[in-house]
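J.: Sharing a structure with you now.
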Amino acid sequence: MLPSNRNRQQPRAGRSWSFSEMDFSDPKRKPRFLSKLLMLAFLTAMCILMLTHPQYHSSCPSVFAVHEPGVTHVLVTGGAGYIGSHAALRLLTDSYRVTIVDNLSRGNIGAIKVLQKLFPQPGRLQFIYADLGDAKSVNRIFSENAFDAVMHFAAVAYVGESTLEPLRYYHNITANTLVVLEAMASHGVRTLIYSSTCATYGEPEKMPITEETPQVPINPYGKAKKMAEEIILDFSKSTDLAVMILRYFNVIGSDPEGRLGEAPRPELREHGRISGACFDAALGIIPGLKVKGTDYETPDGTCIRDYIDVTDLVDAHVKALDKAQRGKVGIYNVGTGKGRSVKEFVDACKKATGADIKIDYFPRRPGDYAEVYSDPTKINRDLNWTAQRTDLLESLRVAWRWQKLHRSGYGPPLAATI
């Protein structure tokens, strides 16, 4: 039997400790209190650090920071934009892991929200607001994520605007591509799908345009893209980088299921695509359509272009990603191989919208060229890619359905009753 001590003071059951109950006059308790106070201060500081630096939220790394067998993690720059968002949609549909980086200067947060709603599962999609011109931010993004490939769409992309703001175009396209390449080199990312343009060819003497057609761009947009291509090609010579450069033509259309569309900022509509201008005229947002240039050496005097549906375009990107090989470079034109005049396009737009669009004719736009259409033989052969949506009227009808329901872009569907 254990000895009992009747004089021993009984412990206080269920005592609730509080700062007011502590006896600071007891020298044995004071050090214990100070240690608790220091621990509390330390934990508070850690909480603040965790809240302000998301990478410290957990000792377990994010799924985006780990290479997972069987999962390809693609960084989509400019993924909030028209083409980039459609590419992200296709990648996510095909079970790729996607990180979108965009500064939203031309992109739409509404497109990001649509994608997040469609793919809410953990580890599928993340959006990072960042500017590719900030090398420190870009390097941090690469250090915190395990990318397997980069699809580089991010760029300002209006020919007319490039003649007014050339330095902006060289910085945004050429310099920012260099930042991306440096980050890829530093963090061992070895696959690049680069979004280029037929504007790098300028005004070729012969049609159709092949990949061997001399590149003689005539505007800052085309020149900036060509410079970026040259940097990529020079870098690839000293590395085992897998490179695919896609030079595409005039993009039209939208997601056939109506989830995404084209929604340029109002102040940029003047520089935008002809399809956007046609739809704005049909909706009464602008009084009519401005056709710039009627004296080109073409059958009806208006420019001839190769119009490629955005769904076909992103299909080409996915096939390029699938076929990319380390140490090899692929350069491909992405087009239908058929040219259509602006007048033909306007007539098709009138049919698609059912609107009597007023047409105003103006002098040529600075930096434009008369006739451009592709020879898609190489991409047909190497990537087994062929444009499927070649009916101009149908592509415009699909795009028009989205535009009718989204007069304010990705804002509230103000035009639902049209």
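Note on naming: chains are A, B, ... as they come in the structure tokens, residues start from 1 per chain, ligands start from 1 in the order shown.
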Could you name the residues that touch Pro366 in chain A at 9 Å or less, counting only C-alpha atoms, but leaving out those on the same chain fewer than 5 positions away, as number ranges by chain?

T.: A: 159-160, 163, 219

J.: What's the 9 Å shell around Arg140 in chain A, counting only C-alpha atoms, without same-chain residues fewer than 5 positions away, as an mmCIF file with N, CA and C atoms, in the first residue's frame?

T.:
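Listed below is the output, out_16.cif:
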data_model
loop_
_atom_site.group_PDB
_atom_site.id
_atom_site.type_symbol
_atom_site.label_atom_id
_atom_site.label_comp_id
_atom_site.auth_asym_id
_atom_site.auth_seq_id
_atom_site.Cartn_x
_atom_site.Cartn_y
_atom_site.Cartn_z
ATOM 1 N N ALA A 135 10.924 39.305 -64.283
ATOM 2 C CA ALA A 135 11.742 38.088 -64.291
ATOM 3 C C ALA A 135 11.748 37.388 -62.937
ATOM 4 N N ASN A 145 6.639 25.322 -59.156
ATOM 5 C CA ASN A 145 5.796 24.421 -59.936
ATOM 6 C C ASN A 145 6.656 23.480 -60.765
ATOM 7 N N ALA A 183 13.835 31.181 -67.663
ATOM 8 C CA ALA A 183 13.244 30.419 -66.568
ATOM 9 C C ALA A 183 13.181 28.932 -66.903
#

J.: Using only C-alpha atoms, pick whichever of A:Arg305, A:Lys225, A:Val63, A:Glu144 has the shortest atom-to-atom distance to Gln121 in chain A.

T.: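 With only C-alpha atoms as the atom set, the closest residue is A:Val63.
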
J.: Pick from A:Asn333, A:Ser137, A:Ser408, A:Thr390: nearest to Leu246 in chain A, with only C-alpha atoms counted?

T.: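 Closest to Leu246 in chain A of all the choices is A:Asn333.
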
J.: From the options A:Met227, A:Leu115, A:Ala348, A:Val71, which residue's atoms come nearest to Ser395 in chain A, counting only C-alpha atoms?

T.: A:Ala348

J.: What's around Leu75 in chain A at 9 Å? Count only C-alpha atoms, leave out sequence neighbours fewer than 4 positions away in its own chain, and write the answer as a ChimeraX atom specification.

T.: /A:79,97-101,147-152

J.: Might you pull out every residue within 9 Å of Ile245 in chain A, with only C-alpha atoms counted and same-chain residues fewer than 5 positions away left off, and present them as a VMD selection string?

T.: chain A and resid 192 to 196 229 320 329 to 333

J.: Would you mind exporting the chosen residues as an mmCIF file, in the first residue's frame, restricted to N, CA and C atoms?

T.:
data_model
loop_
_atom_site.group_PDB
_atom_site.id
_atom_site.type_symbol
_atom_site.label_atom_id
_atom_site.label_comp_id
_atom_site.auth_asym_id
_atom_site.auth_seq_id
_atom_site.Cartn_x
_atom_site.Cartn_y
_atom_site.Cartn_z
ATOM 1 N N LEU A 192 8.751 23.349 -75.435
ATOM 2 C CA LEU A 192 8.135 24.642 -75.705
ATOM 3 C C LEU A 192 7.285 24.579 -76.967
ATOM 4 N N ILE A 193 6.022 24.976 -76.835
ATOM 5 C CA ILE A 193 5.140 25.157 -77.986
ATOM 6 C C ILE A 193 4.940 26.660 -78.110
ATOM 7 N N TYR A 194 5.448 27.240 -79.192
ATOM 8 C CA TYR A 194 5.442 28.693 -79.314
ATOM 9 C C TYR A 194 4.390 29.170 -80.299
ATOM 10 N N SER A 195 3.592 30.114 -79.838
ATOM 11 C CA SER A 195 2.534 30.707 -80.653
ATOM 12 C C SER A 195 3.119 31.833 -81.496
ATOM 13 N N SER A 196 3.304 31.567 -82.792
ATOM 14 C CA SER A 196 3.840 32.590 -83.689
ATOM 15 C C SER A 196 2.758 32.982 -84.696
ATOM 16 N N GLU A 229 11.237 34.099 -82.392
ATOM 17 C CA GLU A 229 11.549 32.810 -83.024
ATOM 18 C C GLU A 229 13.063 32.593 -83.110
ATOM 19 N N ALA A 320 0.990 19.129 -81.610
ATOM 20 C CA ALA A 320 2.395 19.534 -81.571
ATOM 21 C C ALA A 320 3.033 19.138 -80.245
ATOM 22 N N VAL A 329 13.404 20.562 -83.549
ATOM 23 C CA VAL A 329 12.581 21.746 -83.753
ATOM 24 C C VAL A 329 11.603 21.485 -84.887
ATOM 25 N N GLY A 330 10.344 21.794 -84.646
ATOM 26 C CA GLY A 330 9.336 21.697 -85.696
ATOM 27 C C GLY A 330 8.725 23.069 -85.938
ATOM 28 N N ILE A 331 8.650 23.477 -87.197
ATOM 29 C CA ILE A 331 8.045 24.765 -87.555
ATOM 30 C C ILE A 331 6.913 24.490 -88.534
ATOM 31 N N TYR A 332 5.716 24.976 -88.193
ATOM 32 C CA TYR A 332 4.549 24.632 -88.998
ATOM 33 C C TYR A 332 3.625 25.830 -89.213
ATOM 34 N N ASN A 333 3.111 25.923 -90.430
ATOM 35 C CA ASN A 333 2.019 26.841 -90.711
ATOM 36 C C ASN A 333 0.716 26.168 -90.301
#

J.: Which one of A:Asp295, A:Asp315, A:Asp347, A:Glu257 sits closest to Cys278 in chain A if you count only C-alpha atoms?

T.: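 Residue with the minimum atom-to-atom distance to Cys278 in chain A: A:Asp347.
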
J.: So which residues touch Leu289 in chain A within 12 Å, counting only C-alpha atoms, skipping near sequence neighbours fewer than 6 positions away, as a list in words?

T.: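 With the cut-off at 12 Å, the set is Arg269, Glu270, Arg273, Ile274, Ser275, Gly276, Ala277, Cys278, Phe279, Asp280, Ala281, Ala282, Leu283, Val342, Lys343, Phe345, Val346, Asp347, Cys349, Lys350, Ala355, Asp356, Ile357, Lys358, Ile359, Asp360, Tyr361 and Phe362 of chain A.
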
J.: Mind checking DSSP for range 282-335 of chain A and telling me the strand (DSSP E or B) residues as a ChimeraX atom specification?

T.: /A:289-292,304-305,307-309,329-334

J.: Please give the complete set of residues from range 79-142 of chain A that DSSP, run on the backbone, assigns to alpha helix (DSSP H), formatted as a PyMOL selection string.

T.: chain A and resi 82-93+109-118+135-142

J.: Which residues are close to Ala224 in chain A, i.e. within 12 Å by only C-alpha atoms, leaving aside same-chain residues fewer than 2 positions away? Reply as a VMD selection string.

T.: chain A and resid 155 to 159 162 to 163 165 to 178 196 to 197 199 to 200 216 to 222 226 to 231

J.: Given the selection you just returned, output its residues as a file containing N, CA and C atoms, formatted as a compact mmCIF listing (two decimals), in the first residue's frame.

T.:
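Final file, part-v2.txt:
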# COMPACT_ATOMS: atom_id res chain seq x y z
N ALA A 155 0.90 37.53 -75.48
CA ALA A 155 1.46 38.55 -76.37
C ALA A 155 0.38 39.55 -76.74
N VAL A 156 0.79 40.79 -76.92
CA VAL A 156 -0.09 41.75 -77.59
C VAL A 156 -0.08 41.38 -79.08
N ALA A 157 -1.22 41.55 -79.75
CA ALA A 157 -1.29 40.92 -81.07
C ALA A 157 -2.16 41.66 -82.08
N TYR A 158 -2.00 42.97 -82.16
CA TYR A 158 -2.75 43.74 -83.14
C TYR A 158 -1.78 44.46 -84.07
N VAL A 159 -1.88 44.16 -85.36
CA VAL A 159 -0.97 44.73 -86.35
C VAL A 159 -1.00 46.25 -86.32
N SER A 162 0.55 47.77 -83.30
CA SER A 162 2.01 47.61 -83.26
C SER A 162 2.73 48.73 -84.00
N THR A 163 2.09 49.30 -85.03
CA THR A 163 2.71 50.41 -85.74
C THR A 163 2.65 51.70 -84.93
N GLU A 165 2.60 51.62 -81.38
CA GLU A 165 3.36 51.39 -80.15
C GLU A 165 4.41 50.30 -80.36
N PRO A 166 5.37 50.52 -81.23
CA PRO A 166 6.34 49.45 -81.55
C PRO A 166 7.15 48.99 -80.35
N LEU A 167 7.59 49.90 -79.49
CA LEU A 167 8.41 49.49 -78.36
C LEU A 167 7.65 48.56 -77.42
N ARG A 168 6.38 48.84 -77.25
CA ARG A 168 5.56 47.96 -76.42
C ARG A 168 5.55 46.54 -76.98
N TYR A 169 5.48 46.41 -78.29
CA TYR A 169 5.43 45.09 -78.92
C TYR A 169 6.77 44.36 -78.79
N TYR A 170 7.86 45.06 -78.99
CA TYR A 170 9.16 44.39 -78.85
C TYR A 170 9.40 43.95 -77.41
N HIS A 171 8.96 44.76 -76.47
CA HIS A 171 9.13 44.39 -75.06
C HIS A 171 8.23 43.21 -74.71
N ASN A 172 6.94 43.33 -75.05
CA ASN A 172 5.96 42.33 -74.64
C ASN A 172 6.18 40.98 -75.32
N ILE A 173 6.54 40.99 -76.58
CA ILE A 173 6.70 39.74 -77.32
C ILE A 173 8.12 39.21 -77.23
N THR A 174 9.08 40.01 -77.67
CA THR A 174 10.46 39.52 -77.77
C THR A 174 11.12 39.39 -76.40
N ALA A 175 11.12 40.48 -75.63
CA ALA A 175 11.80 40.45 -74.33
C ALA A 175 11.15 39.47 -73.38
N ASN A 176 9.82 39.40 -73.36
CA ASN A 176 9.15 38.48 -72.45
C ASN A 176 9.38 37.02 -72.81
N THR A 177 9.53 36.74 -74.10
CA THR A 177 9.87 35.37 -74.51
C THR A 177 11.24 35.00 -73.98
N LEU A 178 12.16 35.93 -73.98
CA LEU A 178 13.49 35.69 -73.43
C LEU A 178 13.41 35.36 -71.94
N SER A 196 3.30 31.57 -82.79
CA SER A 196 3.84 32.59 -83.69
C SER A 196 2.76 32.98 -84.70
N THR A 197 3.16 33.59 -85.79
CA THR A 197 2.17 34.18 -86.69
C THR A 197 2.65 34.22 -88.13
N ALA A 199 2.36 36.72 -89.79
CA ALA A 199 2.87 38.09 -89.99
C ALA A 199 4.38 38.12 -90.11
N THR A 200 5.05 37.05 -89.71
CA THR A 200 6.52 37.01 -89.87
C THR A 200 6.92 36.91 -91.34
N VAL A 216 10.00 38.12 -94.11
CA VAL A 216 10.34 39.54 -94.25
C VAL A 216 9.17 40.35 -93.69
N PRO A 217 9.01 40.39 -92.37
CA PRO A 217 7.87 41.08 -91.78
C PRO A 217 7.88 42.56 -92.07
N ILE A 218 6.68 43.16 -92.16
CA ILE A 218 6.59 44.57 -92.52
C ILE A 218 5.97 45.42 -91.41
N ASN A 219 5.69 44.83 -90.27
CA ASN A 219 5.15 45.60 -89.15
C ASN A 219 5.81 45.13 -87.86
N PRO A 220 5.80 45.95 -86.80
CA PRO A 220 6.46 45.59 -85.55
C PRO A 220 5.94 44.29 -84.92
N TYR A 221 4.66 44.00 -85.09
CA TYR A 221 4.13 42.74 -84.56
C TYR A 221 4.85 41.55 -85.18
N GLY A 222 4.89 41.51 -86.51
CA GLY A 222 5.57 40.42 -87.19
C GLY A 222 7.06 40.39 -86.90
N LYS A 226 9.17 37.37 -85.12
CA LYS A 226 10.31 36.77 -85.80
C LYS A 226 11.55 36.80 -84.91
N MET A 227 11.78 37.93 -84.21
CA MET A 227 12.92 38.01 -83.29
C MET A 227 12.80 36.95 -82.19
N ALA A 228 11.59 36.78 -81.66
CA ALA A 228 11.39 35.76 -80.63
C ALA A 228 11.68 34.37 -81.17
N GLU A 229 11.24 34.10 -82.39
CA GLU A 229 11.55 32.81 -83.02
C GLU A 229 13.06 32.59 -83.11
N GLU A 230 13.78 33.62 -83.53
CA GLU A 230 15.23 33.50 -83.69
C GLU A 230 15.91 33.22 -82.35
N ILE A 231 15.45 33.86 -81.29
CA ILE A 231 16.01 33.60 -79.96
C ILE A 231 15.77 32.15 -79.56

J.: Find the residues near Val251 in chain A: any atom within 12 Å, counting only C-alpha atoms, skip ones fewer than 6 places away on the same chain, and give them as a PyMOL selection string.

T.: chain A and resi 82-83+86+157+197-198+261-262+272-276+305-314+334-336+389-390+392+395-396+399
